[in-house]
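Peer 1: protein-v9.cif is the file, holding mmCIF, C-alpha atoms:
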```cif
data_protein
loop_
_atom_site.label_atom_id
_atom_site.label_comp_id
_atom_site.auth_asym_id
_atom_site.auth_seq_id
_atom_site.Cartn_x
_atom_site.Cartn_y
_atom_site.Cartn_z
CA MET A 1426 -0.44 12.71 8.53
CA THR A 1427 1.46 9.53 7.64
CA PRO A 1428 -0.48 6.55 6.27
CA THR A 1429 0.42 3.01 7.30
CA MET A 1430 0.66 0.34 4.62
CA ILE A 1431 -1.54 -2.54 5.79
CA TYR A 1432 -1.77 -5.00 2.87
CA THR A 1433 -1.39 -5.78 -0.83
CA GLY A 1434 -4.58 -6.57 -2.71
CA ILE A 1435 -4.40 -8.69 -5.84
CA ARG A 1436 -7.30 -9.51 -8.15
CA VAL A 1437 -8.06 -13.17 -8.81
CA LYS A 1438 -9.97 -14.92 -11.59
CA ASP A 1439 -11.46 -17.67 -9.40
CA MET A 1440 -11.55 -17.28 -5.61
CA ASP A 1441 -11.69 -21.00 -4.73
CA GLU A 1442 -8.84 -21.88 -7.05
CA SER A 1443 -6.70 -19.00 -5.79
CA ILE A 1444 -7.34 -19.75 -2.11
CA LYS A 1445 -6.44 -23.39 -2.83
CA PHE A 1446 -3.14 -22.32 -4.44
CA TYR A 1447 -2.13 -19.86 -1.71
CA THR A 1448 -3.08 -22.20 1.15
CA GLU A 1449 -2.51 -25.75 -0.10
CA VAL A 1450 0.47 -25.04 -2.34
CA LEU A 1451 2.14 -22.04 -0.68
CA GLY A 1452 1.08 -22.93 2.87
CA MET A 1453 -0.51 -19.56 3.70
CA VAL A 1454 -3.22 -19.32 6.34
CA LEU A 1455 -6.69 -18.06 5.39
CA VAL A 1456 -7.42 -15.37 7.98
CA GLU A 1457 -10.77 -14.17 6.65
CA ARG A 1458 -13.13 -14.67 3.72
CA ASP A 1459 -16.06 -12.34 3.11
CA GLN A 1460 -18.74 -11.46 0.63
CA THR A 1461 -18.43 -7.83 -0.45
CA PRO A 1462 -21.96 -6.85 -1.61
CA GLN A 1463 -20.84 -3.33 -2.64
CA THR A 1464 -18.47 -4.74 -5.28
CA HIS A 1465 -20.63 -7.80 -6.08
CA GLY A 1466 -17.64 -9.88 -5.17
CA GLU A 1467 -15.62 -11.63 -2.52
CA GLY A 1468 -12.48 -10.90 -0.53
CA ALA A 1469 -10.04 -13.13 1.32
CA THR A 1470 -7.09 -12.29 3.57
CA LEU A 1471 -4.04 -14.55 3.83
CA LYS A 1472 -0.75 -14.64 5.76
CA SER A 1473 2.24 -16.95 5.75
CA PRO A 1474 2.89 -18.55 9.16
CA GLY A 1475 5.35 -16.31 11.02
CA SER A 1476 5.10 -13.49 8.50
CA ALA A 1477 3.62 -10.02 9.00
CA GLN A 1478 2.92 -9.54 5.28
CA VAL A 1479 -0.80 -9.43 4.48
CA LEU A 1480 -2.14 -10.54 1.10
CA GLU A 1481 -5.74 -9.81 0.09
CA LEU A 1482 -7.43 -11.66 -2.75
CA ASN A 1483 -10.24 -9.82 -4.54
CA TRP A 1484 -12.80 -11.40 -6.83
CA TYR A 1485 -15.51 -9.46 -8.69
CA SER A 1486 -18.53 -10.91 -10.43
CA HIS A 1487 -19.33 -10.03 -14.02
CA GLY A 1488 -22.22 -7.82 -12.84
CA SER A 1489 -19.81 -5.65 -10.87
CA THR A 1490 -18.28 -2.35 -12.04
CA TRP A 1491 -14.95 -3.95 -11.09
CA GLY A 1492 -15.72 -7.16 -12.99
CA THR A 1493 -13.84 -6.12 -16.13
CA SER A 1494 -11.96 -8.69 -18.20
CA TYR A 1495 -8.81 -9.91 -16.46
CA GLU A 1496 -5.74 -8.52 -18.23
CA ASN A 1497 -2.20 -9.51 -17.26
CA GLY A 1498 -0.26 -6.24 -17.01
CA SER A 1499 3.08 -5.25 -15.60
CA GLU A 1500 2.22 -3.32 -12.43
CA ILE A 1501 2.70 -6.27 -10.13
CA ASP A 1502 6.23 -7.43 -10.70
CA HIS A 1503 6.10 -10.38 -8.28
CA LEU A 1504 5.17 -11.52 -4.78
CA ALA A 1505 8.23 -12.76 -2.85
CA PHE A 1506 8.51 -15.71 -0.47
CA GLU A 1507 11.61 -16.93 1.39
CA VAL A 1508 12.36 -20.67 1.69
CA ASP A 1509 15.07 -22.66 3.50
CA ASN A 1510 15.88 -24.97 0.61
CA LEU A 1511 14.98 -23.76 -2.86
CA GLU A 1512 15.78 -26.96 -4.77
CA ALA A 1513 13.76 -29.16 -2.40
CA TRP A 1514 10.90 -26.65 -2.46
CA LEU A 1515 10.75 -26.60 -6.27
CA LYS A 1516 10.57 -30.42 -6.23
CA GLU A 1517 7.55 -30.15 -3.93
CA LEU A 1518 5.94 -27.64 -6.31
CA GLU A 1519 6.60 -29.82 -9.36
CA ALA A 1520 4.96 -32.76 -7.59
CA LYS A 1521 1.92 -30.47 -7.24
CA LYS A 1522 2.05 -29.63 -10.99
CA VAL A 1523 3.03 -25.99 -10.47
CA LYS A 1524 4.70 -24.51 -13.54
CA ILE A 1525 8.29 -23.35 -12.89
CA LEU A 1526 8.95 -20.23 -15.00
CA ILE A 1527 12.60 -19.55 -14.11
CA ARG A 1528 14.94 -22.12 -12.54
CA PRO A 1529 17.21 -21.05 -9.66
CA TYR A 1530 19.99 -18.55 -10.38
CA GLU A 1531 22.07 -16.41 -8.04
CA ILE A 1532 21.51 -12.67 -7.73
CA ALA A 1533 22.84 -10.29 -5.07
CA GLY A 1534 23.47 -12.98 -2.44
CA TRP A 1535 20.24 -14.91 -3.04
CA ASN A 1536 19.25 -17.93 -5.08
CA GLU A 1537 15.89 -17.28 -6.66
CA ALA A 1538 13.34 -18.96 -8.89
CA PHE A 1539 9.92 -17.98 -10.25
CA VAL A 1540 6.61 -19.81 -10.65
CA GLU A 1541 3.16 -18.62 -11.71
CA ASP A 1542 0.00 -18.44 -9.60
CA PRO A 1543 -3.40 -19.37 -11.13
CA ASN A 1544 -3.87 -15.75 -12.21
CA GLY A 1545 -0.58 -15.44 -14.09
CA ILE A 1546 1.04 -13.52 -11.22
CA TRP A 1547 4.74 -14.25 -10.82
CA ILE A 1548 5.76 -15.73 -7.47
CA GLU A 1549 9.43 -15.50 -6.48
CA PHE A 1550 11.08 -17.93 -4.07
CA LEU A 1551 14.33 -16.83 -2.45
CA GLN A 1552 16.97 -18.69 -0.49
CA LYS A 1553 20.00 -16.93 0.96
CA ALA A 1554 23.02 -18.04 -1.11
CA GLY A 1555 25.66 -20.19 0.58
CA ARG A 1556 23.24 -21.94 2.95
CA MET B 185 8.38 -26.82 3.68
CA THR B 186 6.37 -23.61 4.18
CA PRO B 187 7.52 -20.44 2.43
CA THR B 188 7.32 -17.07 4.19
CA MET B 189 5.93 -14.10 2.32
CA ILE B 190 8.51 -11.32 2.65
CA TYR B 191 7.40 -8.51 0.31
CA THR B 192 5.33 -7.28 -2.63
CA GLY B 193 7.27 -6.16 -5.69
CA ILE B 194 5.67 -3.69 -8.06
CA ARG B 195 7.15 -2.49 -11.35
CA VAL B 196 7.64 1.25 -11.83
CA LYS B 197 8.05 3.40 -14.94
CA ASP B 198 10.48 5.90 -13.40
CA MET B 199 12.36 5.05 -10.19
CA ASP B 200 13.03 8.61 -9.01
CA GLU B 201 9.44 9.70 -9.58
CA SER B 202 8.06 6.61 -7.81
CA ILE B 203 10.40 6.92 -4.82
CA LYS B 204 9.38 10.59 -4.58
CA PHE B 205 5.69 9.62 -4.54
CA TYR B 206 6.01 6.81 -1.99
CA THR B 207 8.30 8.79 0.35
CA GLU B 208 7.31 12.47 -0.04
CA VAL B 209 3.59 11.96 -0.66
CA LEU B 210 2.82 8.69 1.21
CA GLY B 211 5.49 9.17 3.90
CA MET B 212 7.15 5.77 3.44
CA VAL B 213 10.80 5.29 4.43
CA LEU B 214 13.35 4.27 1.78
CA VAL B 215 15.12 1.29 3.37
CA GLU B 216 17.41 0.37 0.47
CA ARG B 217 18.09 1.32 -3.15
CA ASP B 218 20.30 -0.82 -5.35
CA GLN B 219 21.45 -1.29 -8.90
CA THR B 220 20.54 -4.77 -10.18
CA PRO B 221 23.07 -5.48 -12.96
CA GLN B 222 21.47 -8.86 -13.75
CA THR B 223 18.20 -7.22 -14.76
CA HIS B 224 19.81 -4.00 -16.09
CA GLY B 225 17.66 -2.15 -13.64
CA GLU B 226 17.22 -0.83 -10.13
CA GLY B 227 15.38 -1.91 -7.01
CA ALA B 228 14.18 0.00 -3.96
CA THR B 229 12.65 -1.19 -0.70
CA LEU B 230 10.15 0.90 1.26
CA LYS B 231 8.18 0.66 4.50
CA SER B 232 5.60 2.84 6.23
CA PRO B 233 6.71 3.99 9.69
CA GLY B 234 5.39 1.46 12.21
CA SER B 235 4.30 -1.03 9.54
CA ALA B 236 5.74 -4.47 8.82
CA GLN B 237 4.56 -4.46 5.20
CA VAL B 238 7.46 -4.35 2.73
CA LEU B 239 7.05 -2.79 -0.72
CA GLU B 240 9.71 -3.27 -3.38
CA LEU B 241 9.91 -1.02 -6.43
CA ASN B 242 11.46 -2.53 -9.57
CA TRP B 243 12.68 -0.59 -12.57
CA TYR B 244 14.12 -2.20 -15.72
CA SER B 245 16.02 -0.43 -18.50
CA HIS B 246 14.96 -0.83 -22.11
CA GLY B 247 17.99 -3.07 -22.75
CA SER B 248 16.73 -5.56 -20.14
CA THR B 249 14.72 -8.73 -20.85
CA TRP B 250 12.29 -7.38 -18.25
CA GLY B 251 12.16 -3.93 -19.86
CA THR B 252 9.01 -4.61 -21.86
CA SER B 253 6.44 -1.88 -22.43
CA TYR B 254 4.53 -1.00 -19.28
CA GLU B 255 0.94 -2.26 -19.52
CA ASN B 256 -1.67 -1.50 -16.88
CA GLY B 257 -3.34 -4.82 -16.12
CA SER B 258 -5.65 -6.11 -13.42
CA GLU B 259 -3.44 -8.39 -11.31
CA ILE B 260 -2.67 -5.78 -8.72
CA ASP B 261 -6.01 -4.65 -7.39
CA HIS B 262 -4.66 -2.03 -4.98
CA LEU B 263 -2.14 -1.30 -2.23
CA ALA B 264 -3.88 -0.41 1.05
CA PHE B 265 -2.90 2.20 3.63
CA GLU B 266 -4.70 3.09 6.87
CA VAL B 267 -5.09 6.72 7.96
CA ASP B 268 -6.54 8.39 11.07
CA ASN B 269 -8.57 11.03 9.24
CA LEU B 270 -9.45 10.28 5.63
CA GLU B 271 -10.96 13.68 4.75
CA ALA B 272 -8.00 15.61 6.13
CA TRP B 273 -5.59 13.21 4.40
CA LEU B 274 -7.27 13.66 1.01
CA LYS B 275 -6.98 17.45 1.43
CA GLU B 276 -3.23 16.97 1.96
CA LEU B 277 -3.03 14.86 -1.19
CA GLU B 278 -4.99 17.36 -3.25
CA ALA B 279 -2.60 20.11 -2.12
CA LYS B 280 0.16 17.88 -3.56
CA LYS B 281 -1.75 17.54 -6.87
CA VAL B 282 -2.48 13.81 -6.41
CA LYS B 283 -5.48 12.67 -8.45
CA ILE B 284 -8.36 11.34 -6.34
CA LEU B 285 -10.05 8.49 -8.23
CA ILE B 286 -12.84 7.60 -5.81
CA ARG B 287 -14.08 9.88 -3.03
CA PRO B 288 -14.73 8.38 0.44
CA TYR B 289 -17.59 5.92 0.82
CA GLU B 290 -18.39 3.43 3.56
CA ILE B 291 -17.87 -0.30 3.11
CA ALA B 292 -17.85 -3.02 5.78
CA GLY B 293 -17.06 -0.70 8.68
CA TRP B 294 -14.46 1.37 6.88
CA ASN B 295 -14.44 4.65 5.01
CA GLU B 296 -12.28 4.31 1.97
CA ALA B 297 -11.03 6.32 -1.00
CA PHE B 298 -8.70 5.64 -3.93
CA VAL B 299 -5.93 7.59 -5.62
CA GLU B 300 -3.44 6.65 -8.34
CA ASP B 301 0.33 6.32 -8.02
CA PRO B 302 2.62 7.57 -10.86
CA ASN B 303 2.40 4.09 -12.48
CA GLY B 304 -1.38 3.93 -12.59
CA ILE B 305 -1.51 1.61 -9.55
CA TRP B 306 -4.56 2.18 -7.35
CA ILE B 307 -3.80 3.18 -3.76
CA GLU B 308 -6.55 2.73 -1.19
CA PHE B 309 -6.79 4.78 2.00
CA LEU B 310 -8.92 3.40 4.81
CA GLN B 311 -10.25 4.91 8.01
CA LYS B 312 -12.28 2.87 10.50
CA ALA B 313 -15.88 4.14 10.27
CA GLY B 314 -17.33 5.97 13.27
CA ARG B 315 -14.03 7.50 14.37
#
```
Can you present the structure in this file as structure tokens?
Peer 2:
Amino acid sequence: MTPTMIYTGIRVKDMDESIKFYTEVLGMVLVERDQTPQTHGEGATLKSPGSAQVLELNWYSHGSTWGTSYENGSEIDHLAFEVDNLEAWLKELEAKKVKILIRPYEIAGWNEAFVEDPNGIWIEFLQKAGR
Amino acid sequence: MTPTMIYTGIRVKDMDESIKFYTEVLGMVLVERDQTPQTHGEGATLKSPGSAQVLELNWYSHGSTWGTSYENGSEIDHLAFEVDNLEAWLKELEAKKVKILIRPYEIAGWNEAFVEDPNGIWIEFLQKAGR
């Protein structure tokens, strides 16, 4: 049997704040938002317009087995997003008070930069070099 | 401008061992594997057959700025894979000595179970309930 990868689930500290970041700042579309009584929490599913990648946000209340303290580890390296114009995009983010962690540099045919989401997760923006 | 999510990048402790797990155990296809001199590391891109989700593995050498100690945190909640027959699939995994963390239970119309990848990342397998 061969499983089919269907999404990436990240854990968030505050569901409203994270949905606001991924929709209002990153322009993703909220596909679904549900209570999950079994985990005493909430889930939300998001997609970028025109992208097949599926991102799930998971929030757990303190009463939940999953509601442990939120520790920033190293398992998630980054979530990657492509943009047409990296410099212009970073200006938009700065106007929205998003913290830029690493300014654009070129690597393997791409210009890339990193910012942080409200949970401390690194978000990479990529633009093909020479465009 | 609206960015397009293009992949999820996880960090791995050992590239060969992780590629082996994601290809030989989970049946993903290795699309690309590259040295990344800028990060003194390696990258690999994987996809499940028939899935649009893109998973990137990142490995950094100890000499790299990114080569910090590997800490298991909470940002990545899980990576999700759909299967046709969850019980049969878990038997296959057990035959391959994969550790089952949570045995199947039903939640919101799905049967789901969790195992661990070689980096301590939780992998969820889902089967639509009632099939």
Peer 1: What would you get as an mmCIF file with C-alpha atoms, keeping the file's coordinate frame if chain B were moved onto chain A by least squares over all of its C-alpha atoms in order?
Peer 2:
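Result file is part_11.cif:
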```cif
data_model
loop_
_atom_site.group_PDB
_atom_site.id
_atom_site.type_symbol
_atom_site.label_atom_id
_atom_site.label_comp_id
_atom_site.auth_asym_id
_atom_site.auth_seq_id
_atom_site.Cartn_x
_atom_site.Cartn_y
_atom_site.Cartn_z
ATOM 1 C CA MET B 185 -0.456 12.703 8.570
ATOM 2 C CA THR B 186 1.447 9.522 7.647
ATOM 3 C CA PRO B 187 -0.496 6.561 6.273
ATOM 4 C CA THR B 188 0.411 3.005 7.288
ATOM 5 C CA MET B 189 0.649 0.339 4.626
ATOM 6 C CA ILE B 190 -1.550 -2.542 5.792
ATOM 7 C CA TYR B 191 -1.775 -5.000 2.875
ATOM 8 C CA THR B 192 -1.393 -5.785 -0.824
ATOM 9 C CA GLY B 193 -4.589 -6.575 -2.706
ATOM 10 C CA ILE B 194 -4.388 -8.676 -5.840
ATOM 11 C CA ARG B 195 -7.292 -9.502 -8.151
ATOM 12 C CA VAL B 196 -8.069 -13.166 -8.804
ATOM 13 C CA LYS B 197 -9.976 -14.922 -11.587
ATOM 14 C CA ASP B 198 -11.459 -17.672 -9.403
ATOM 15 C CA MET B 199 -11.558 -17.291 -5.608
ATOM 16 C CA ASP B 200 -11.698 -20.990 -4.708
ATOM 17 C CA GLU B 201 -8.848 -21.885 -7.048
ATOM 18 C CA SER B 202 -6.695 -18.998 -5.776
ATOM 19 C CA ILE B 203 -7.340 -19.755 -2.099
ATOM 20 C CA LYS B 204 -6.445 -23.391 -2.835
ATOM 21 C CA PHE B 205 -3.151 -22.316 -4.434
ATOM 22 C CA TYR B 206 -2.131 -19.859 -1.709
ATOM 23 C CA THR B 207 -3.094 -22.189 1.169
ATOM 24 C CA GLU B 208 -2.525 -25.757 -0.102
ATOM 25 C CA VAL B 209 0.466 -25.054 -2.347
ATOM 26 C CA LEU B 210 2.136 -22.021 -0.676
ATOM 27 C CA GLY B 211 1.053 -22.920 2.876
ATOM 28 C CA MET B 212 -0.518 -19.544 3.691
ATOM 29 C CA VAL B 213 -3.240 -19.309 6.349
ATOM 30 C CA LEU B 214 -6.710 -18.048 5.383
ATOM 31 C CA VAL B 215 -7.416 -15.349 7.982
ATOM 32 C CA GLU B 216 -10.779 -14.147 6.662
ATOM 33 C CA ARG B 217 -13.129 -14.658 3.714
ATOM 34 C CA ASP B 218 -16.050 -12.331 3.118
ATOM 35 C CA GLN B 219 -18.735 -11.458 0.633
ATOM 36 C CA THR B 220 -18.434 -7.818 -0.478
ATOM 37 C CA PRO B 221 -21.958 -6.847 -1.606
ATOM 38 C CA GLN B 222 -20.821 -3.345 -2.631
ATOM 39 C CA THR B 223 -18.478 -4.739 -5.271
ATOM 40 C CA HIS B 224 -20.628 -7.818 -6.067
ATOM 41 C CA GLY B 225 -17.631 -9.890 -5.189
ATOM 42 C CA GLU B 226 -15.616 -11.624 -2.507
ATOM 43 C CA GLY B 227 -12.480 -10.885 -0.530
ATOM 44 C CA ALA B 228 -10.035 -13.122 1.315
ATOM 45 C CA THR B 229 -7.102 -12.301 3.575
ATOM 46 C CA LEU B 230 -4.038 -14.538 3.830
ATOM 47 C CA LYS B 231 -0.758 -14.643 5.745
ATOM 48 C CA SER B 232 2.264 -16.938 5.751
ATOM 49 C CA PRO B 233 2.898 -18.547 9.147
ATOM 50 C CA GLY B 234 5.337 -16.311 11.030
ATOM 51 C CA SER B 235 5.104 -13.473 8.499
ATOM 52 C CA ALA B 236 3.604 -10.018 8.989
ATOM 53 C CA GLN B 237 2.919 -9.537 5.274
ATOM 54 C CA VAL B 238 -0.808 -9.430 4.489
ATOM 55 C CA LEU B 239 -2.138 -10.532 1.095
ATOM 56 C CA GLU B 240 -5.727 -9.808 0.104
ATOM 57 C CA LEU B 241 -7.424 -11.664 -2.739
ATOM 58 C CA ASN B 242 -10.233 -9.823 -4.546
ATOM 59 C CA TRP B 243 -12.793 -11.411 -6.821
ATOM 60 C CA TYR B 244 -15.507 -9.466 -8.677
ATOM 61 C CA SER B 245 -18.555 -10.934 -10.416
ATOM 62 C CA HIS B 246 -19.328 -10.052 -14.013
ATOM 63 C CA GLY B 247 -22.225 -7.848 -12.848
ATOM 64 C CA SER B 248 -19.797 -5.665 -10.863
ATOM 65 C CA THR B 249 -18.268 -2.368 -12.040
ATOM 66 C CA TRP B 250 -14.938 -3.954 -11.101
ATOM 67 C CA GLY B 251 -15.698 -7.169 -12.997
ATOM 68 C CA THR B 252 -13.859 -6.143 -16.151
ATOM 69 C CA SER B 253 -11.957 -8.697 -18.212
ATOM 70 C CA TYR B 254 -8.807 -9.902 -16.488
ATOM 71 C CA GLU B 255 -5.726 -8.507 -18.247
ATOM 72 C CA ASN B 256 -2.200 -9.508 -17.285
ATOM 73 C CA GLY B 257 -0.266 -6.257 -17.001
ATOM 74 C CA SER B 258 3.090 -5.241 -15.587
ATOM 75 C CA GLU B 259 2.223 -3.316 -12.413
ATOM 76 C CA ILE B 260 2.696 -6.253 -10.119
ATOM 77 C CA ASP B 261 6.229 -7.433 -10.691
ATOM 78 C CA HIS B 262 6.105 -10.376 -8.279
ATOM 79 C CA LEU B 263 5.175 -11.525 -4.778
ATOM 80 C CA ALA B 264 8.237 -12.762 -2.861
ATOM 81 C CA PHE B 265 8.520 -15.705 -0.476
ATOM 82 C CA GLU B 266 11.615 -16.935 1.378
ATOM 83 C CA VAL B 267 12.362 -20.658 1.686
ATOM 84 C CA ASP B 268 15.063 -22.657 3.495
ATOM 85 C CA ASN B 269 15.894 -24.981 0.605
ATOM 86 C CA LEU B 270 14.974 -23.757 -2.862
ATOM 87 C CA GLU B 271 15.776 -26.970 -4.773
ATOM 88 C CA ALA B 272 13.769 -29.151 -2.405
ATOM 89 C CA TRP B 273 10.904 -26.632 -2.465
ATOM 90 C CA LEU B 274 10.754 -26.600 -6.272
ATOM 91 C CA LYS B 275 10.579 -30.420 -6.243
ATOM 92 C CA GLU B 276 7.550 -30.131 -3.938
ATOM 93 C CA LEU B 277 5.942 -27.651 -6.321
ATOM 94 C CA GLU B 278 6.606 -29.809 -9.360
ATOM 95 C CA ALA B 279 4.956 -32.754 -7.584
ATOM 96 C CA LYS B 280 1.915 -30.451 -7.246
ATOM 97 C CA LYS B 281 2.031 -29.638 -10.994
ATOM 98 C CA VAL B 282 3.009 -25.974 -10.473
ATOM 99 C CA LYS B 283 4.712 -24.492 -13.533
ATOM 100 C CA ILE B 284 8.289 -23.344 -12.899
ATOM 101 C CA LEU B 285 8.966 -20.227 -14.991
ATOM 102 C CA ILE B 286 12.598 -19.558 -14.099
ATOM 103 C CA ARG B 287 14.938 -22.127 -12.554
ATOM 104 C CA PRO B 288 17.207 -21.053 -9.654
ATOM 105 C CA TYR B 289 19.980 -18.570 -10.375
ATOM 106 C CA GLU B 290 22.065 -16.418 -8.058
ATOM 107 C CA ILE B 291 21.511 -12.679 -7.735
ATOM 108 C CA ALA B 292 22.850 -10.317 -5.060
ATOM 109 C CA GLY B 293 23.461 -13.006 -2.450
ATOM 110 C CA TRP B 294 20.254 -14.917 -3.040
ATOM 111 C CA ASN B 295 19.244 -17.936 -5.070
ATOM 112 C CA GLU B 296 15.910 -17.288 -6.647
ATOM 113 C CA ALA B 297 13.335 -18.949 -8.890
ATOM 114 C CA PHE B 298 9.914 -17.983 -10.248
ATOM 115 C CA VAL B 299 6.614 -19.794 -10.646
ATOM 116 C CA GLU B 300 3.161 -18.601 -11.712
ATOM 117 C CA ASP B 301 0.009 -18.435 -9.599
ATOM 118 C CA PRO B 302 -3.394 -19.393 -11.140
ATOM 119 C CA ASN B 303 -3.861 -15.732 -12.218
ATOM 120 C CA GLY B 304 -0.586 -15.438 -14.092
ATOM 121 C CA ILE B 305 1.048 -13.514 -11.216
ATOM 122 C CA TRP B 306 4.757 -14.257 -10.823
ATOM 123 C CA ILE B 307 5.765 -15.722 -7.461
ATOM 124 C CA GLU B 308 9.419 -15.509 -6.475
ATOM 125 C CA PHE B 309 11.083 -17.934 -4.068
ATOM 126 C CA LEU B 310 14.335 -16.849 -2.462
ATOM 127 C CA GLN B 311 16.979 -18.704 -0.497
ATOM 128 C CA LYS B 312 20.012 -16.928 0.961
ATOM 129 C CA ALA B 313 23.027 -18.043 -1.111
ATOM 130 C CA GLY B 314 25.671 -20.186 0.582
ATOM 131 C CA ARG B 315 23.245 -21.947 2.918
#
```
Peer 1: Could you pull the residues within 12 Å of Glu290 (chain B), counting all atoms listed in the file, minus those fewer than 2 positions along the same chain, as a ChimeraX atom specification?
Peer 2: /A:1461,1463 /B:270,286-288,292-297,309-314
Peer 1: Write down, as JSON, numbers by chain, each residue of chain A that has any atom within 6 Å of an atom of chain B, counting only C-alpha atoms.
Peer 2: {"A": [1427, 1428, 1429, 1430, 1431, 1432, 1433, 1434, 1435, 1436, 1452, 1473, 1477, 1478, 1495, 1496, 1497, 1498, 1499, 1500, 1501, 1502, 1503, 1504, 1505, 1506, 1507, 1508]}
Peer 1: Record the distance separating CA of Gly225 (chain B) and CA of Leu1526 (chain A), expressed in Å with one decimal.
Peer 2: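 Result for CA of Gly225 (chain B) versus CA of Leu1526 (chain A): 20.1 Å, one decimal.
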Peer 1: How far is it from CA of Ala1469 (chain A) to CA of Phe1446 (chain A), in Å with one decimal?
Peer 2: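 If I compute the distance from CA of Ala1469 (chain A) to CA of Phe1446 (chain A), I get 12.9 Å.
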Peer 1: CA of Tyr206 (chain B) and CA of Thr1470 (chain A) are how many Å apart?
Peer 2: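 These two atoms are separated by 23.8 Å.
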